[in-house]
file data14.csv (CSV, C-alpha atoms and all ligand atoms)
chain,number,residue,atom,x,y,z
A,1,MET,CA,108.7,78.7,-80.4
A,2,PRO,CA,106.0,78.7,-77.8
A,3,ASP,CA,106.8,77.2,-74.4
A,4,SER,CA,105.6,73.6,-74.7
A,5,SER,CA,106.0,72.6,-71.1
A,6,ASN,CA,102.4,73.0,-70.1
A,7,LEU,CA,100.9,72.7,-73.5
A,8,GLY,CA,97.9,70.4,-73.8
A,9,LEU,CA,96.7,70.0,-77.4
A,10,ILE,CA,93.6,68.7,-79.1
A,11,HIS,CA,93.8,65.8,-81.7
A,12,ILE,CA,91.1,64.7,-84.1
A,13,TYR,CA,91.4,61.4,-86.0
A,14,CYS,CA,88.7,61.5,-88.7
A,15,GLY,CA,88.0,60.1,-92.2
A,16,ASN,CA,86.4,57.0,-93.7
A,17,GLY,CA,89.4,54.7,-93.4
A,18,LYS,CA,90.2,52.2,-90.7
A,19,GLY,CA,92.4,53.2,-87.8
A,20,LYS,CA,90.9,56.2,-86.0
A,21,THR,CA,90.1,54.4,-82.7
A,22,THR,CA,93.1,52.2,-82.8
A,23,CYS,CA,95.3,55.3,-83.4
A,24,GLY,CA,93.9,57.1,-80.4
A,25,MET,CA,94.4,54.0,-78.3
A,26,GLY,CA,98.0,53.8,-79.5
A,27,LEU,CA,98.6,57.3,-78.4
A,28,CYS,CA,97.1,56.5,-75.0
A,29,VAL,CA,99.5,53.6,-74.6
A,30,ARG,CA,102.5,55.8,-75.4
A,31,ALA,CA,101.3,58.5,-73.0
A,32,ALA,CA,100.8,56.0,-70.2
A,33,GLY,CA,104.2,54.5,-70.9
A,34,PHE,CA,105.7,57.9,-70.3
A,35,GLY,CA,103.8,58.2,-67.0
A,36,PHE,CA,100.9,60.3,-68.1
A,37,ARG,CA,97.6,59.6,-66.5
A,38,VAL,CA,95.1,58.7,-69.2
A,39,LEU,CA,91.3,58.8,-69.0
A,40,ILE,CA,89.3,57.0,-71.8
A,41,TYR,CA,85.6,57.1,-72.6
A,42,GLN,CA,84.3,55.2,-75.6
A,43,PHE,CA,81.0,56.7,-76.8
A,44,MET,CA,78.8,54.3,-78.7
A,45,LYS,CA,80.6,51.3,-77.3
A,46,ASN,CA,79.8,48.9,-74.5
A,47,ASN,CA,82.3,47.6,-71.9
A,48,SER,CA,83.5,44.7,-74.0
A,49,THR,CA,85.8,46.3,-76.6
A,50,SER,CA,89.0,44.3,-76.9
A,51,GLU,CA,91.1,47.4,-76.4
A,52,ARG,CA,89.4,48.0,-73.0
A,53,THR,CA,90.1,44.3,-72.0
A,54,ALA,CA,93.8,44.7,-72.8
A,55,MET,CA,94.4,48.3,-71.8
A,56,ALA,CA,92.4,48.5,-68.6
A,57,HIS,CA,95.3,46.5,-67.0
A,58,ILE,CA,97.8,49.2,-67.9
A,59,GLU,CA,99.0,51.4,-65.1
A,60,ASN,CA,97.9,55.0,-65.5
A,61,ILE,CA,95.0,54.1,-67.8
A,62,THR,CA,91.4,54.5,-66.5
A,63,PHE,CA,88.4,53.5,-68.6
A,64,LEU,CA,85.0,55.0,-67.7
A,65,PRO,CA,82.2,52.5,-68.0
A,66,GLY,CA,79.9,52.8,-71.0
A,67,LEU,CA,76.3,51.9,-71.6
A,68,GLU,CA,75.8,48.1,-71.9
A,69,GLN,CA,73.4,48.5,-74.8
A,70,GLU,CA,75.1,50.2,-77.7
A,71,LYS,CA,74.5,50.1,-81.5
A,72,PHE,CA,75.0,52.3,-84.5
A,73,SER,CA,72.8,55.5,-84.2
A,74,PHE,CA,70.9,54.6,-87.4
A,75,ARG,CA,69.6,51.5,-85.6
A,76,MET,CA,68.4,53.4,-82.5
A,77,SER,CA,64.7,54.3,-81.9
A,78,GLU,CA,63.9,57.9,-81.1
A,79,GLU,CA,63.5,56.8,-77.4
A,80,GLU,CA,67.0,55.2,-77.4
A,81,LYS,CA,68.5,58.3,-79.0
A,82,GLU,CA,67.0,60.5,-76.3
A,83,GLU,CA,68.3,58.1,-73.6
A,84,HIS,CA,71.8,58.3,-75.2
A,85,ARG,CA,71.6,62.1,-75.5
A,86,ARG,CA,70.9,62.4,-71.8
A,87,PHE,CA,73.5,59.8,-70.8
A,88,TYR,CA,76.2,61.3,-73.0
A,89,ALA,CA,75.5,64.9,-71.8
A,90,ALA,CA,75.8,63.8,-68.2
A,91,GLN,CA,78.9,61.7,-69.0
A,92,LEU,CA,80.7,64.8,-70.6
A,93,GLN,CA,79.9,66.8,-67.5
A,94,HIS,CA,81.2,64.0,-65.3
A,95,ILE,CA,84.4,63.8,-67.3
A,96,ALA,CA,84.8,67.6,-67.1
A,97,GLU,CA,84.6,67.3,-63.3
A,98,MET,CA,87.1,64.4,-63.2
A,99,VAL,CA,89.8,66.3,-65.2
A,100,LYS,CA,89.3,69.8,-63.9
A,101,ASP,CA,91.8,69.6,-61.0
A,102,GLY,CA,94.6,68.0,-63.0
A,103,ALA,CA,94.1,64.4,-62.0
A,104,PHE,CA,94.6,63.4,-65.7
A,105,ASP,CA,97.1,64.4,-68.4
A,106,VAL,CA,95.4,62.8,-71.4
A,107,LEU,CA,91.7,62.4,-72.2
A,108,PHE,CA,90.5,60.2,-75.1
A,109,LEU,CA,86.8,60.7,-76.1
A,110,ASP,CA,86.4,57.9,-78.7
A,111,GLU,CA,83.6,58.5,-81.2
A,112,ALA,CA,82.8,61.9,-79.8
A,113,VAL,CA,82.9,63.3,-83.3
A,114,TYR,CA,80.6,60.6,-84.5
A,115,CYS,CA,78.1,61.4,-81.7
A,116,VAL,CA,78.1,65.1,-82.6
A,117,ARG,CA,77.5,64.3,-86.2
A,118,ASN,CA,74.6,62.1,-85.3
A,119,GLY,CA,73.0,64.4,-82.8
A,120,LEU,CA,73.8,62.3,-79.8
A,121,LEU,CA,76.1,64.9,-78.2
A,122,GLU,CA,75.6,68.6,-78.4
A,123,GLU,CA,78.4,70.2,-80.4
A,124,ALA,CA,78.2,73.4,-78.2
A,125,ALA,CA,78.8,71.3,-75.1
A,126,LEU,CA,81.8,69.6,-76.5
A,127,LEU,CA,83.2,72.9,-77.8
A,128,ASP,CA,82.6,74.5,-74.5
A,129,PHE,CA,84.5,71.7,-72.8
A,130,LEU,CA,87.4,71.9,-75.2
A,131,LYS,CA,87.7,75.7,-74.9
A,132,ASN,CA,87.7,75.6,-71.1
A,133,LYS,CA,89.7,72.4,-70.5
A,134,PRO,CA,92.6,72.5,-68.1
A,135,GLU,CA,95.5,74.0,-70.0
A,136,HIS,CA,97.9,71.0,-69.8
A,137,LEU,CA,95.2,68.4,-70.7
A,138,GLU,CA,95.8,66.6,-74.0
A,139,VAL,CA,92.5,65.6,-75.7
A,140,ILE,CA,92.0,63.0,-78.4
A,141,LEU,CA,88.7,62.8,-80.4
A,142,THR,CA,87.7,60.4,-83.1
A,143,GLY,CA,84.9,60.1,-85.6
A,144,GLN,CA,84.5,60.3,-89.4
A,145,ASP,CA,83.3,63.8,-90.1
A,146,PRO,CA,84.2,66.7,-87.8
A,147,SER,CA,82.4,70.1,-88.2
A,148,PRO,CA,84.4,73.2,-89.2
A,149,ALA,CA,84.1,74.4,-85.6
A,150,LEU,CA,85.7,71.2,-84.2
A,151,ILE,CA,88.4,71.4,-86.8
A,152,GLU,CA,89.1,75.0,-85.9
A,153,CYS,CA,89.3,74.1,-82.2
A,154,ALA,CA,91.8,71.2,-82.8
A,155,ASP,CA,95.5,71.4,-83.1
A,156,TYR,CA,96.1,68.1,-84.9
A,157,VAL,CA,93.6,66.9,-87.5
A,158,SER,CA,94.5,63.7,-89.2
A,159,GLU,CA,92.2,62.2,-91.9
A,160,ILE,CA,92.5,58.5,-92.6
A,161,ARG,CA,91.2,57.9,-96.1
A,162,LYS,CA,89.8,54.6,-97.1
A,163,VAL,CA,91.5,53.1,-100.2
A,164,LYS,CA,90.1,49.7,-99.5
A,165,HIS,CA,88.0,48.2,-96.6
A,166,PRO,CA,86.6,44.7,-96.5
A,167,PHE,CA,83.2,46.0,-95.4
A,168,ASP,CA,82.7,47.0,-99.1
A,169,LYS,CA,82.8,43.2,-99.8
A,170,GLY,CA,80.4,42.5,-97.0
A,171,VAL,CA,82.9,41.5,-94.4
A,172,ARG,CA,81.5,42.4,-90.9
A,173,ALA,CA,83.6,43.8,-88.1
A,174,ARG,CA,85.9,41.1,-86.7
A,175,LYS,CA,86.6,40.6,-83.0
A,176,GLY,CA,90.2,41.4,-82.1
A,177,ILE,CA,90.6,43.4,-85.3
A,178,GLU,CA,87.7,45.9,-85.5
A,179,ARG,CA,86.3,45.5,-82.0
A,201,LIG,P1,89.4,51.0,-85.7
A,201,LIG,O1,88.5,50.9,-84.5
A,201,LIG,O2,89.7,49.7,-86.3
A,201,LIG,O3,90.6,51.9,-85.5
A,201,LIG,P2,87.9,53.2,-86.9
A,201,LIG,O4,87.8,53.8,-85.5
A,201,LIG,O5,88.7,54.0,-87.9
A,201,LIG,O6,88.5,51.7,-86.8
A,201,LIG,P3,85.0,53.5,-87.1
A,201,LIG,O7,84.6,54.4,-88.2
A,201,LIG,O8,85.0,54.0,-85.7
A,201,LIG,O9,86.5,52.9,-87.5
A,201,LIG,O10,84.1,52.2,-87.3
A,201,LIG,C1,84.1,51.2,-86.3
A,201,LIG,C2,83.9,49.9,-87.1
A,201,LIG,O11,82.6,49.9,-87.7
A,201,LIG,C3,84.8,49.7,-88.2
A,201,LIG,O12,86.0,49.0,-87.8
A,201,LIG,C4,84.0,48.8,-89.2
A,201,LIG,O13,84.1,47.5,-88.8
A,201,LIG,C5,82.6,49.3,-88.9
A,201,LIG,N1,82.2,50.2,-90.0
A,201,LIG,C6,82.5,51.5,-90.1
A,201,LIG,N2,82.0,52.1,-91.2
A,201,LIG,C7,81.3,51.1,-91.8
A,201,LIG,C8,80.6,51.0,-93.0
A,201,LIG,N3,80.4,52.0,-93.8
A,201,LIG,N4,80.0,49.8,-93.3
A,201,LIG,C9,80.2,48.7,-92.5
A,201,LIG,N5,80.9,48.7,-91.4
A,201,LIG,C10,81.5,49.9,-91.0
A,202,MG,MG,86.3,54.3,-84.3
call {"tool": "encode", "arguments": {"input": "data14.csv", "output": "structure tokens"}}
result
Amino acid sequence: MPDSSNLGLIHIYCGNGKGKTTCGMGLCVRAAGFGFRVLIYQFMKNNSTSERTAMAHIENITFLPGLEQEKFSFRMSEEEKEEHRRFYAAQLQHIAEMVKDGAFDVLFLDEAVYCVRNGLLEEAALLDFLKNKPEHLEVILTGQDPSPALIECADYVSEIRKVKHPFDKGVRARKGIER
């Protein structure tokens, strides 16, 4: 067995079922409970997610601020997409700086896979970050449809498959349950 004492692995939660973001958040809570220092950035989300409200109080968990104006990418104008691309590229660089000297043990990039898929985050930049990350850093990514290159780079890839979801009946995302 490889020595696991300094082993930081990469997780992807993907698929079309509910539970990717909440699964990543659950892992962050567990890690913080152990004493790991956790850094979380939620792409595509503003600063009012319920998980942020609850978890920002937990010792060892740091949330980076997001853009106040967020929406699904298919609702963005070309100008808004460009603004997001710039912001997200800078944010990834900023995060790389924050983690490079070992100040964090776990990094959760919520919806990073979604952003790559929708052209809001350069896949090459994310792959470059993952391949050069501090050795011990555990990284969690979420988003429906990871590319083969991201899957190849990850150590855990868990696909959550929708069997039923109320949005098929027109039920919109509910506060406290979906956001
Ligand atoms: P959770 O945050 O509950 O763990 P998730 O991360 O697996 O869910 P995402 O794919 O990130 O889910 O979607 C975020 C939210 O957007 C969903 O909870 C859902 O309310 C809404 N959503 C996702 N896909 C669709 C869709 N095809 N139609 C309508 N709403 C959707
Ligand atoms: Mg999600």
call {"tool": "closest_residue", "arguments": {"input": "data14.csv", "among": "A:Val163, A:Ile40, A:Ala89, A:Ala103", "to": "Phe63 (chain A)", "atoms": "only C-alpha atoms"}}
result
A:Ile40
call {"tool": "closest_residue", "arguments": {"input": "data14.csv", "among": "A:Cys115, A:Arg52, A:Ile140, A:Lys162", "to": "Arg179 (chain A)", "atoms": "all atoms listed in the file"}}
result
A:Arg52
call {"tool": "closest_residue", "arguments": {"input": "data14.csv", "among": "A:Cys28, A:Leu64, A:Met44, A:Leu107", "to": "ligand LIG 201 (chain A)", "atoms": "only C-alpha atoms and all ligand atoms"}}
result
A:Met44
call {"tool": "atom_distance", "arguments": {"input": "data14.csv", "atom1": "CA of Leu130 (chain A)", "atom2": "CA of Ser73 (chain A)"}}
result
23.7 Å
call {"tool": "residues_near_ligand", "arguments": {"input": "data14.csv", "ligand": "ligand LIG 201 (chain A)", "cutoff": "6 Å", "atoms": "only C-alpha atoms and all ligand atoms", "output": "PDB file with C-alpha atoms, keeping the file's coordinate frame"}}
result
ATOM      1  CA  GLY A  17      89.400  54.700 -93.400  1.00  0.00           C
ATOM      2  CA  LYS A  18      90.200  52.200 -90.700  1.00  0.00           C
ATOM      3  CA  GLY A  19      92.400  53.200 -87.800  1.00  0.00           C
ATOM      4  CA  LYS A  20      90.900  56.200 -86.000  1.00  0.00           C
ATOM      5  CA  THR A  21      90.100  54.400 -82.700  1.00  0.00           C
ATOM      6  CA  THR A  22      93.100  52.200 -82.800  1.00  0.00           C
ATOM      7  CA  PHE A 167      83.200  46.000 -95.400  1.00  0.00           C
ATOM      8  CA  ALA A 173      83.600  43.800 -88.100  1.00  0.00           C
ATOM      9  CA  GLU A 178      87.700  45.900 -85.500  1.00  0.00           C
TER      10      GLU A 178
END
call {"tool": "residues_near_ligand", "arguments": {"input": "data14.csv", "ligand": "ligand MG 202 (chain A)", "cutoff": "12 Å", "atoms": "only C-alpha atoms and all ligand atoms", "output": "PyMOL selection string"}}
result
chain A and resi 12-25+42-45+49+51+72+108-115+140-145+160+173+177-179
call {"tool": "build_atoms", "arguments": {"input": "data14.csv", "residues": "region 139-150 of chain A", "atoms": "all heavy atoms", "output": "mmCIF file, in the coordinates of the input"}}
result
data_model
loop_
_atom_site.group_PDB
_atom_site.id
_atom_site.type_symbol
_atom_site.label_atom_id
_atom_site.label_comp_id
_atom_site.auth_asym_id
_atom_site.auth_seq_id
_atom_site.Cartn_x
_atom_site.Cartn_y
_atom_site.Cartn_z
ATOM 1 N N VAL A 139 93.820 66.219 -75.384
ATOM 2 C CA VAL A 139 92.500 65.600 -75.700
ATOM 3 C C VAL A 139 92.530 64.984 -77.052
ATOM 4 O O VAL A 139 92.985 65.608 -78.016
ATOM 5 C CB VAL A 139 91.372 66.632 -75.555
ATOM 6 C CG1 VAL A 139 90.025 65.970 -75.837
ATOM 7 C CG2 VAL A 139 91.339 67.271 -74.167
ATOM 8 N N ILE A 140 92.024 63.762 -77.133
ATOM 9 C CA ILE A 140 92.000 63.000 -78.400
ATOM 10 C C ILE A 140 90.492 62.762 -78.713
ATOM 11 O O ILE A 140 89.754 62.259 -77.853
ATOM 12 C CB ILE A 140 92.714 61.702 -78.326
ATOM 13 C CG1 ILE A 140 94.129 61.901 -77.787
ATOM 14 C CG2 ILE A 140 92.728 61.002 -79.688
ATOM 15 C CD1 ILE A 140 94.773 60.608 -77.255
ATOM 16 N N LEU A 141 90.068 63.079 -79.940
ATOM 17 C CA LEU A 141 88.700 62.800 -80.400
ATOM 18 C C LEU A 141 88.744 61.993 -81.655
ATOM 19 O O LEU A 141 89.650 62.175 -82.479
ATOM 20 C CB LEU A 141 87.966 64.122 -80.708
ATOM 21 C CG LEU A 141 87.994 65.245 -79.672
ATOM 22 C CD1 LEU A 141 87.390 66.512 -80.274
ATOM 23 C CD2 LEU A 141 87.226 64.845 -78.425
ATOM 24 N N THR A 142 87.761 61.123 -81.847
ATOM 25 C CA THR A 142 87.700 60.400 -83.100
ATOM 26 C C THR A 142 86.259 60.468 -83.678
ATOM 27 O O THR A 142 85.306 60.750 -82.954
ATOM 28 C CB THR A 142 88.053 58.910 -82.971
ATOM 29 O OG1 THR A 142 87.111 58.288 -82.093
ATOM 30 C CG2 THR A 142 89.454 58.719 -82.452
ATOM 31 N N GLY A 143 86.157 60.149 -84.953
ATOM 32 C CA GLY A 143 84.900 60.100 -85.600
ATOM 33 C C GLY A 143 85.043 60.663 -87.050
ATOM 34 O O GLY A 143 85.858 61.563 -87.266
ATOM 35 N N GLN A 144 84.270 60.098 -87.973
ATOM 36 C CA GLN A 144 84.500 60.300 -89.400
ATOM 37 C C GLN A 144 84.569 61.805 -89.833
ATOM 38 O O GLN A 144 85.452 62.187 -90.579
ATOM 39 C CB GLN A 144 83.384 59.667 -90.209
ATOM 40 C CG GLN A 144 83.674 58.219 -90.515
ATOM 41 C CD GLN A 144 83.054 57.776 -91.843
ATOM 42 O OE1 GLN A 144 82.774 58.597 -92.725
ATOM 43 N NE2 GLN A 144 82.858 56.495 -91.987
ATOM 44 N N ASP A 145 83.602 62.603 -89.385
ATOM 45 C CA ASP A 145 83.300 63.800 -90.100
ATOM 46 C C ASP A 145 83.190 65.036 -89.170
ATOM 47 O O ASP A 145 82.087 65.472 -88.873
ATOM 48 C CB ASP A 145 82.000 63.580 -90.869
ATOM 49 C CG ASP A 145 81.714 64.651 -91.879
ATOM 50 O OD1 ASP A 145 82.626 65.425 -92.204
ATOM 51 O OD2 ASP A 145 80.545 64.721 -92.320
ATOM 52 N N PRO A 146 84.309 65.592 -88.714
ATOM 53 C CA PRO A 146 84.200 66.700 -87.800
ATOM 54 C C PRO A 146 83.676 67.983 -88.437
ATOM 55 O O PRO A 146 83.933 68.227 -89.618
ATOM 56 C CB PRO A 146 85.677 66.923 -87.327
ATOM 57 C CG PRO A 146 86.508 66.325 -88.410
ATOM 58 C CD PRO A 146 85.696 65.230 -89.043
ATOM 59 N N SER A 147 82.957 68.773 -87.671
ATOM 60 C CA SER A 147 82.400 70.100 -88.200
ATOM 61 C C SER A 147 83.578 71.047 -88.304
ATOM 62 O O SER A 147 84.621 70.891 -87.658
ATOM 63 C CB SER A 147 81.401 70.596 -87.188
ATOM 64 O OG SER A 147 82.059 70.902 -85.973
ATOM 65 N N PRO A 148 83.364 72.108 -89.097
ATOM 66 C CA PRO A 148 84.400 73.200 -89.200
ATOM 67 C C PRO A 148 84.754 73.724 -87.803
ATOM 68 O O PRO A 148 85.923 74.013 -87.549
ATOM 69 C CB PRO A 148 83.731 74.224 -90.066
ATOM 70 C CG PRO A 148 82.761 73.452 -90.915
ATOM 71 C CD PRO A 148 82.253 72.331 -90.041
ATOM 72 N N ALA A 149 83.774 73.840 -86.918
ATOM 73 C CA ALA A 149 84.100 74.400 -85.600
ATOM 74 C C ALA A 149 84.985 73.485 -84.791
ATOM 75 O O ALA A 149 85.882 73.953 -84.079
ATOM 76 C CB ALA A 149 82.754 74.630 -84.818
ATOM 77 N N LEU A 150 84.788 72.174 -84.914
ATOM 78 C CA LEU A 150 85.700 71.200 -84.200
ATOM 79 C C LEU A 150 87.066 71.264 -84.810
ATOM 80 O O LEU A 150 88.071 71.230 -84.083
ATOM 81 C CB LEU A 150 85.089 69.822 -84.230
ATOM 82 C CG LEU A 150 84.003 69.527 -83.187
ATOM 83 C CD1 LEU A 150 83.364 68.169 -83.441
ATOM 84 C CD2 LEU A 150 84.589 69.578 -81.767
#
